[in-house]
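File shown: structure_20.cif (mmCIF, C-alpha atoms).
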data_work
#
loop_
_atom_site.label_atom_id
_atom_site.label_comp_id
_atom_site.auth_asym_id
_atom_site.auth_seq_id
_atom_site.Cartn_x
_atom_site.Cartn_y
_atom_site.Cartn_z
CA MET Q 63 -45.98 -31.69 -0.52
CA PRO Q 64 -46.92 -35.38 -0.32
CA ALA Q 65 -44.27 -37.92 0.57
CA LEU Q 66 -42.86 -40.13 -2.11
CA PRO Q 67 -44.21 -43.63 -1.81
CA ASP Q 68 -40.74 -45.18 -1.66
CA SER Q 69 -39.37 -42.97 1.13
CA PRO Q 70 -39.07 -45.19 4.22
CA ASP Q 71 -39.71 -42.45 6.76
CA GLY Q 72 -42.36 -40.51 4.84
CA VAL Q 73 -39.96 -37.64 4.13
CA ARG Q 74 -39.96 -36.31 0.61
CA MET Q 75 -36.64 -36.98 -1.06
CA SER Q 76 -35.31 -33.90 -2.80
CA GLN Q 77 -32.65 -33.54 -5.44
CA MET Q 78 -29.31 -32.80 -3.78
CA THR Q 79 -26.53 -31.02 -5.63
CA SER Q 80 -22.91 -30.92 -4.63
CA ALA Q 81 -20.26 -28.41 -5.60
CA LYS Q 82 -16.52 -28.17 -5.18
CA ILE Q 83 -15.14 -24.91 -3.79
CA VAL Q 84 -11.42 -24.17 -3.54
CA VAL Q 85 -10.17 -22.16 -0.56
CA ALA Q 86 -6.91 -20.59 -1.71
CA GLY Q 87 -4.44 -17.91 -0.73
CA GLY Q 88 -0.90 -17.26 0.27
CA PHE Q 89 1.08 -18.79 3.10
CA GLY Q 90 -0.50 -18.31 6.52
CA VAL Q 91 -3.70 -16.50 5.45
CA GLY Q 92 -6.09 -18.88 7.24
CA LYS Q 93 -7.13 -21.50 4.68
CA THR Q 94 -6.86 -24.43 7.11
CA THR Q 95 -8.69 -22.42 9.77
CA ALA Q 96 -11.53 -21.57 7.37
CA VAL Q 97 -12.05 -25.17 6.26
CA GLY Q 98 -11.88 -26.42 9.85
CA ALA Q 99 -14.28 -23.75 11.13
CA ILE Q 100 -17.10 -24.72 8.77
CA SER Q 101 -16.66 -28.43 8.03
CA GLU Q 102 -19.39 -30.67 9.41
CA ILE Q 103 -17.02 -33.62 9.23
CA PRO Q 104 -13.62 -33.68 10.88
CA ALA Q 105 -11.57 -31.69 8.40
CA ILE Q 106 -8.81 -33.61 6.69
CA ARG Q 107 -5.58 -31.72 7.13
CA THR Q 108 -2.17 -32.48 5.71
CA GLU Q 109 -0.23 -30.38 8.15
CA SER Q 110 3.42 -30.86 8.98
CA TRP Q 111 5.51 -29.23 11.65
CA MET Q 112 7.58 -26.30 10.51
CA THR Q 113 11.21 -26.97 11.34
CA ALA Q 114 14.42 -25.00 11.43
CA ALA Q 115 15.31 -26.63 8.11
CA ALA Q 116 12.33 -24.86 6.49
CA ALA Q 117 12.98 -21.48 8.10
CA GLN Q 118 14.62 -20.10 4.96
CA ILE Q 119 11.75 -21.37 2.78
CA ASP Q 120 8.64 -20.68 4.88
CA ARG Q 121 9.45 -17.28 6.32
CA LEU Q 122 7.13 -15.85 8.92
CA ASP Q 123 6.90 -12.34 10.23
CA PRO Q 124 8.15 -11.96 13.81
CA GLY Q 125 5.43 -12.57 16.37
CA ILE Q 126 3.44 -15.07 14.31
CA ASP Q 127 2.92 -18.28 16.24
CA LYS Q 128 2.35 -20.60 13.26
CA VAL Q 129 4.04 -23.96 13.91
CA THR Q 130 2.50 -26.17 11.20
CA THR Q 131 1.93 -25.78 7.47
CA THR Q 132 -0.26 -27.50 4.88
CA VAL Q 133 1.78 -29.71 2.57
CA ALA Q 134 -0.94 -31.11 0.29
CA MET Q 135 -4.49 -29.87 0.92
CA ASP Q 136 -7.26 -29.45 3.44
CA PHE Q 137 -10.65 -31.07 2.87
CA GLY Q 138 -14.02 -30.45 4.44
CA ARG Q 139 -17.72 -30.70 3.75
CA VAL Q 140 -20.65 -28.48 4.65
CA THR Q 141 -24.34 -28.97 3.92
CA ILE Q 142 -25.81 -25.57 3.10
CA ASP Q 143 -29.40 -26.79 2.94
CA GLU Q 144 -31.38 -29.82 1.79
CA SER Q 145 -30.37 -29.14 -1.80
CA LEU Q 146 -26.69 -28.13 -1.65
CA VAL Q 147 -23.53 -29.72 -0.21
CA LEU Q 148 -20.18 -27.98 -0.64
CA TYR Q 149 -16.92 -29.91 -0.74
CA LEU Q 150 -14.05 -27.66 0.30
CA PHE Q 151 -10.49 -28.08 -0.91
CA GLY Q 152 -7.90 -25.87 0.75
CA THR Q 153 -4.70 -25.24 -1.17
CA PRO Q 154 -1.22 -25.21 0.31
CA GLY Q 155 0.13 -21.67 0.42
CA GLN Q 156 3.88 -22.09 -0.09
CA PRO Q 157 5.29 -21.46 -3.57
CA ARG Q 158 6.88 -24.92 -3.77
CA PHE Q 159 3.37 -26.45 -3.67
CA TRP Q 160 1.72 -24.12 -6.22
CA PRO Q 161 1.96 -26.72 -9.03
CA MET Q 162 -0.75 -28.66 -7.14
CA TRP Q 163 -3.24 -25.84 -7.54
CA ASP Q 164 -4.21 -26.84 -11.08
CA ASP Q 165 -5.25 -30.28 -9.84
CA LEU Q 166 -7.12 -28.89 -6.83
CA VAL Q 167 -9.00 -26.33 -8.95
CA ARG Q 168 -10.04 -28.84 -11.62
CA GLY Q 169 -13.80 -29.38 -11.37
CA ALA Q 170 -14.42 -26.53 -8.93
CA VAL Q 171 -17.38 -24.22 -9.42
CA GLY Q 172 -15.55 -21.37 -7.73
CA ALA Q 173 -12.83 -20.26 -5.37
CA LEU Q 174 -12.59 -18.25 -2.18
CA VAL Q 175 -9.23 -16.46 -2.17
CA LEU Q 176 -8.19 -15.40 1.34
CA VAL Q 177 -5.91 -12.43 1.84
CA ASP Q 178 -4.16 -11.01 4.90
CA THR Q 179 -3.81 -7.23 4.83
CA ASN Q 180 -0.92 -7.49 7.30
CA ASN Q 181 1.06 -9.26 4.58
CA LEU Q 182 -0.61 -8.38 1.30
CA ALA Q 183 2.46 -9.37 -0.73
CA ASN Q 184 1.65 -13.02 0.08
CA SER Q 185 -1.64 -12.59 -1.78
CA PHE Q 186 -0.42 -11.39 -5.16
CA ALA Q 187 0.44 -14.86 -6.48
CA ALA Q 188 -3.00 -16.27 -5.59
CA VAL Q 189 -4.80 -13.31 -7.13
CA ASN Q 190 -2.63 -13.60 -10.24
CA TYR Q 191 -3.35 -17.34 -10.49
CA PHE Q 192 -7.12 -16.93 -10.44
CA GLU Q 193 -7.05 -13.89 -12.69
CA ASN Q 194 -4.81 -15.41 -15.37
CA ASP Q 195 -4.46 -19.19 -15.00
CA ALA Q 196 -7.70 -20.61 -13.59
CA ASP Q 197 -11.02 -20.68 -15.35
CA VAL Q 198 -13.32 -20.50 -12.31
CA PRO Q 199 -15.24 -17.62 -10.76
CA TRP Q 200 -13.52 -16.33 -7.62
CA VAL Q 201 -14.19 -14.09 -4.68
CA VAL Q 202 -11.51 -12.38 -2.61
CA CYS Q 203 -12.04 -12.39 1.16
CA VAL Q 204 -9.98 -10.29 3.55
CA ASN Q 205 -9.42 -12.42 6.64
CA LEU Q 206 -10.23 -10.22 9.61
CA PHE Q 207 -7.60 -11.52 11.99
CA HIS Q 208 -8.82 -10.85 15.52
CA GLY Q 209 -12.08 -9.54 14.02
CA VAL Q 210 -10.54 -6.20 13.06
CA ALA Q 211 -10.41 -4.56 9.62
CA THR Q 212 -7.08 -2.78 9.28
CA HIS Q 213 -7.83 -1.32 5.82
CA GLU Q 214 -10.89 -0.23 3.87
CA LEU Q 215 -11.96 -2.75 1.21
CA SER Q 216 -11.54 -0.09 -1.48
CA GLU Q 217 -7.88 0.26 -0.45
CA VAL Q 218 -7.41 -3.51 -0.61
CA ARG Q 219 -9.04 -3.64 -4.05
CA ASP Q 220 -6.66 -0.94 -5.29
CA ALA Q 221 -3.58 -2.56 -3.71
CA LEU Q 222 -4.40 -5.95 -5.29
CA ALA Q 223 -5.47 -4.33 -8.58
CA LEU Q 224 -8.61 -6.47 -8.51
CA PRO Q 225 -10.81 -6.33 -11.59
CA ALA Q 226 -14.20 -4.70 -10.92
CA HIS Q 227 -16.08 -7.95 -11.63
CA VAL Q 228 -14.31 -9.82 -8.79
CA PRO Q 229 -16.28 -9.54 -5.53
CA LEU Q 230 -14.31 -8.40 -2.47
CA ILE Q 231 -15.62 -9.20 1.00
CA ALA Q 232 -14.26 -9.41 4.54
CA ALA Q 233 -14.81 -12.05 7.24
CA ASP Q 234 -13.31 -13.40 10.43
CA ILE Q 235 -12.77 -16.92 9.13
CA ARG Q 236 -12.60 -18.39 12.63
CA ASP Q 237 -16.39 -17.88 12.79
CA SER Q 238 -18.30 -20.63 10.97
CA ARG Q 239 -21.20 -18.27 10.18
CA LYS Q 240 -18.82 -15.82 8.51
CA VAL Q 241 -17.19 -18.63 6.54
CA ALA Q 242 -20.66 -19.79 5.44
CA SER Q 243 -21.46 -16.28 4.21
CA ALA Q 244 -18.17 -16.13 2.32
CA LEU Q 245 -18.80 -19.52 0.69
CA LEU Q 246 -22.32 -18.46 -0.28
CA ALA Q 247 -20.81 -15.37 -1.91
CA VAL Q 248 -18.69 -17.73 -4.05
CA VAL Q 249 -21.74 -19.87 -4.95
CA ASP Q 250 -23.76 -16.76 -5.81
CA HIS Q 251 -20.95 -15.29 -7.93
CA ALA Q 252 -20.45 -18.62 -9.73
CA ALA Q 253 -24.20 -18.87 -10.44
CA LYS Q 254 -24.25 -15.34 -11.86
CA GLN Q 255 -21.23 -16.09 -14.04
CA ALA Q 256 -22.91 -19.26 -15.35
CA ILE Q 257 -26.08 -17.35 -16.29
CA GLY Q 258 -24.45 -14.24 -17.73
#
What do you get writing this file as structure tokens?
Amino acid sequence: MPALPDSPDGVRMSQMTSAKIVVAGGFGVGKTTAVGAISEIPAIRTESWMTAAAAQIDRLDPGIDKVTTTVAMDFGRVTIDESLVLYLFGTPGQPRFWPMWDDLVRGAVGALVLVDTNNLANSFAAVNYFENDADVPWVVCVNLFHGVATHELSEVRDALALPAHVPLIAADIRDSRKVASALLAVVDHAAKQAIG
């Protein structure tokens, strides 16, 4: 392909598209980790220390070493290829911040909803939100903490009562390649929803 005459370095300029993807889920499912693992810019995090004052609000299972929590959103960016840049917006997971979700979802092409099979109850509200209150295509991703699947995906689908049209995948979201695959699943699902 010949270079455009106005390109200073002789490289053909292509049309770049950007898309907003929301990374959502319950408290402590790995949203901040996912955004940080894939972002090509330093991820913007709005983390605050968890204190004794919040212990009755932000309950953790014994043995979890979480010491900070997102209080507004996470933000990151990843260039998929020369034609697509994804802007990632991670939601806060605590119920007191759920009213922000409408604003974070506005303008998104899709959502990646993370779930933790060790605490599936924390996922019901996020699944319910995207099933009933948000008008964006969404994909559910089981976060493989420590790289291990503790349940079959069919069992997770049944437990969450996921509609058949909602894709269900699994990934260790600490691995940027796995996060990229999960985000591409959202883009693919959103594209199919737009066509069909």
Take the PyMOL selection byres ((chain Q and resi 180) around 12), run it mentally on this structure, and tell me the resulting residues as a ChimeraX atom specification. /Q:90-91,122-123,126,177-179,181-185,204-208,210-213,218
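Considering only C-alpha atoms, the residue among Q:Ala196, Q:Ile231, Q:Ser145, Q:Leu245 positioned nearest to Asp164 of chain Q is Q:Ala196.
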For Val84 of chain Q, list every protein, DNA or RNA residue within 8 Å, evaluated using all atoms listed in the file, and leave out those in the same chain fewer than 2 positions away; present the list as a compact mmCIF listing (two decimals) with C-alpha atoms, in the frame of the given file.
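As a result, part.txt now contains:
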# COMPACT_ATOMS: atom_id res chain seq x y z
CA LYS Q 82 -16.52 -28.17 -5.18
CA ALA Q 86 -6.91 -20.59 -1.71
CA LEU Q 150 -14.05 -27.66 0.30
CA PHE Q 151 -10.49 -28.08 -0.91
CA GLY Q 152 -7.90 -25.87 0.75
CA THR Q 153 -4.70 -25.24 -1.17
CA LEU Q 166 -7.12 -28.89 -6.83
CA VAL Q 167 -9.00 -26.33 -8.95
CA ALA Q 170 -14.42 -26.53 -8.93
CA GLY Q 172 -15.55 -21.37 -7.73
CA ALA Q 173 -12.83 -20.26 -5.37
CA LEU Q 174 -12.59 -18.25 -2.18
Name the residues that the PyMOL selection byres ((chain Q and resi 224) around 12) picks from the file above, as a PDB file with C-alpha atoms, keeping the file's coordinate frame, using the file's chain letters and numbers.
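result-v5.pdb, freshly written:
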ATOM      1  CA  VAL Q 175      -9.230 -16.460  -2.170  1.00  0.00           C
ATOM      2  CA  SER Q 185      -1.640 -12.590  -1.780  1.00  0.00           C
ATOM      3  CA  PHE Q 186      -0.420 -11.390  -5.160  1.00  0.00           C
ATOM      4  CA  ALA Q 188      -3.000 -16.270  -5.590  1.00  0.00           C
ATOM      5  CA  VAL Q 189      -4.800 -13.310  -7.130  1.00  0.00           C
ATOM      6  CA  ASN Q 190      -2.630 -13.600 -10.240  1.00  0.00           C
ATOM      7  CA  PHE Q 192      -7.120 -16.930 -10.440  1.00  0.00           C
ATOM      8  CA  GLU Q 193      -7.050 -13.890 -12.690  1.00  0.00           C
ATOM      9  CA  ASN Q 194      -4.810 -15.410 -15.370  1.00  0.00           C
ATOM     10  CA  TRP Q 200     -13.520 -16.330  -7.620  1.00  0.00           C
ATOM     11  CA  VAL Q 201     -14.190 -14.090  -4.680  1.00  0.00           C
ATOM     12  CA  VAL Q 202     -11.510 -12.380  -2.610  1.00  0.00           C
ATOM     13  CA  CYS Q 203     -12.040 -12.390   1.160  1.00  0.00           C
ATOM     14  CA  LEU Q 215     -11.960  -2.750   1.210  1.00  0.00           C
ATOM     15  CA  SER Q 216     -11.540  -0.090  -1.480  1.00  0.00           C
ATOM     16  CA  GLU Q 217      -7.880   0.260  -0.450  1.00  0.00           C
ATOM     17  CA  VAL Q 218      -7.410  -3.510  -0.610  1.00  0.00           C
ATOM     18  CA  ARG Q 219      -9.040  -3.640  -4.050  1.00  0.00           C
ATOM     19  CA  ASP Q 220      -6.660  -0.940  -5.290  1.00  0.00           C
ATOM     20  CA  ALA Q 221      -3.580  -2.560  -3.710  1.00  0.00           C
ATOM     21  CA  LEU Q 222      -4.400  -5.950  -5.290  1.00  0.00           C
ATOM     22  CA  ALA Q 223      -5.470  -4.330  -8.580  1.00  0.00           C
ATOM     23  CA  PRO Q 225     -10.810  -6.330 -11.590  1.00  0.00           C
ATOM     24  CA  ALA Q 226     -14.200  -4.700 -10.920  1.00  0.00           C
ATOM     25  CA  HIS Q 227     -16.080  -7.950 -11.630  1.00  0.00           C
ATOM     26  CA  VAL Q 228     -14.310  -9.820  -8.790  1.00  0.00           C
ATOM     27  CA  PRO Q 229     -16.280  -9.540  -5.530  1.00  0.00           C
ATOM     28  CA  LEU Q 230     -14.310  -8.400  -2.470  1.00  0.00           C
TER      29      LEU Q 230
END
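Across the structure, atom CA of Leu146 of chain Q and atom CA of Thr79 of chain Q are spaced 4.9 Å apart.
Against the coordinates shown, the PyMOL selection byres ((chain Q and resi 154) around 9) returns Ala86, Gly87, Gly88, Phe89, Lys93, Thr94, Thr131, Thr132, Val133, Ala134, Met135, Asp136, Gly152, Thr153, Gly155, Gln156, Pro157, Phe159, Trp160, Met162 and Trp163 of chain Q.
You can rank Q:Met78, Q:Val241, Q:Val171, Q:Ile103 by their closest distance to Lys254 of chain Q using only C-alpha atoms, and at the top of that list sits Q:Val171.
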Between atom CA of Gln255 of chain Q and atom CA of Lys240 of chain Q lies a distance of 22.7 Å
Restricting to all atoms listed in the file, whichever of Q:Ala187, Q:Ala244, Q:Leu176, Q:Ala232 is closest to Gly209 of chain Q is Q:Ala232
Students should find that atom CA of Ala253 of chain Q and atom CA of Glu214 of chain Q are spaced 27.0 Å
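The smallest atom-to-atom distance between Gly98 of chain Q and any of Q:Val248, Q:Ile257, Q:Ile235, Q:Ile83, using only C-alpha atoms, is found for Q:Ile235.
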### Query
Can you tell me, as number ranges by chain, which residues sit within 8 Å of (-16.1, -23.2, 9.2) in the file's frame, using only C-alpha atoms?
Q: 95-101, 235-242
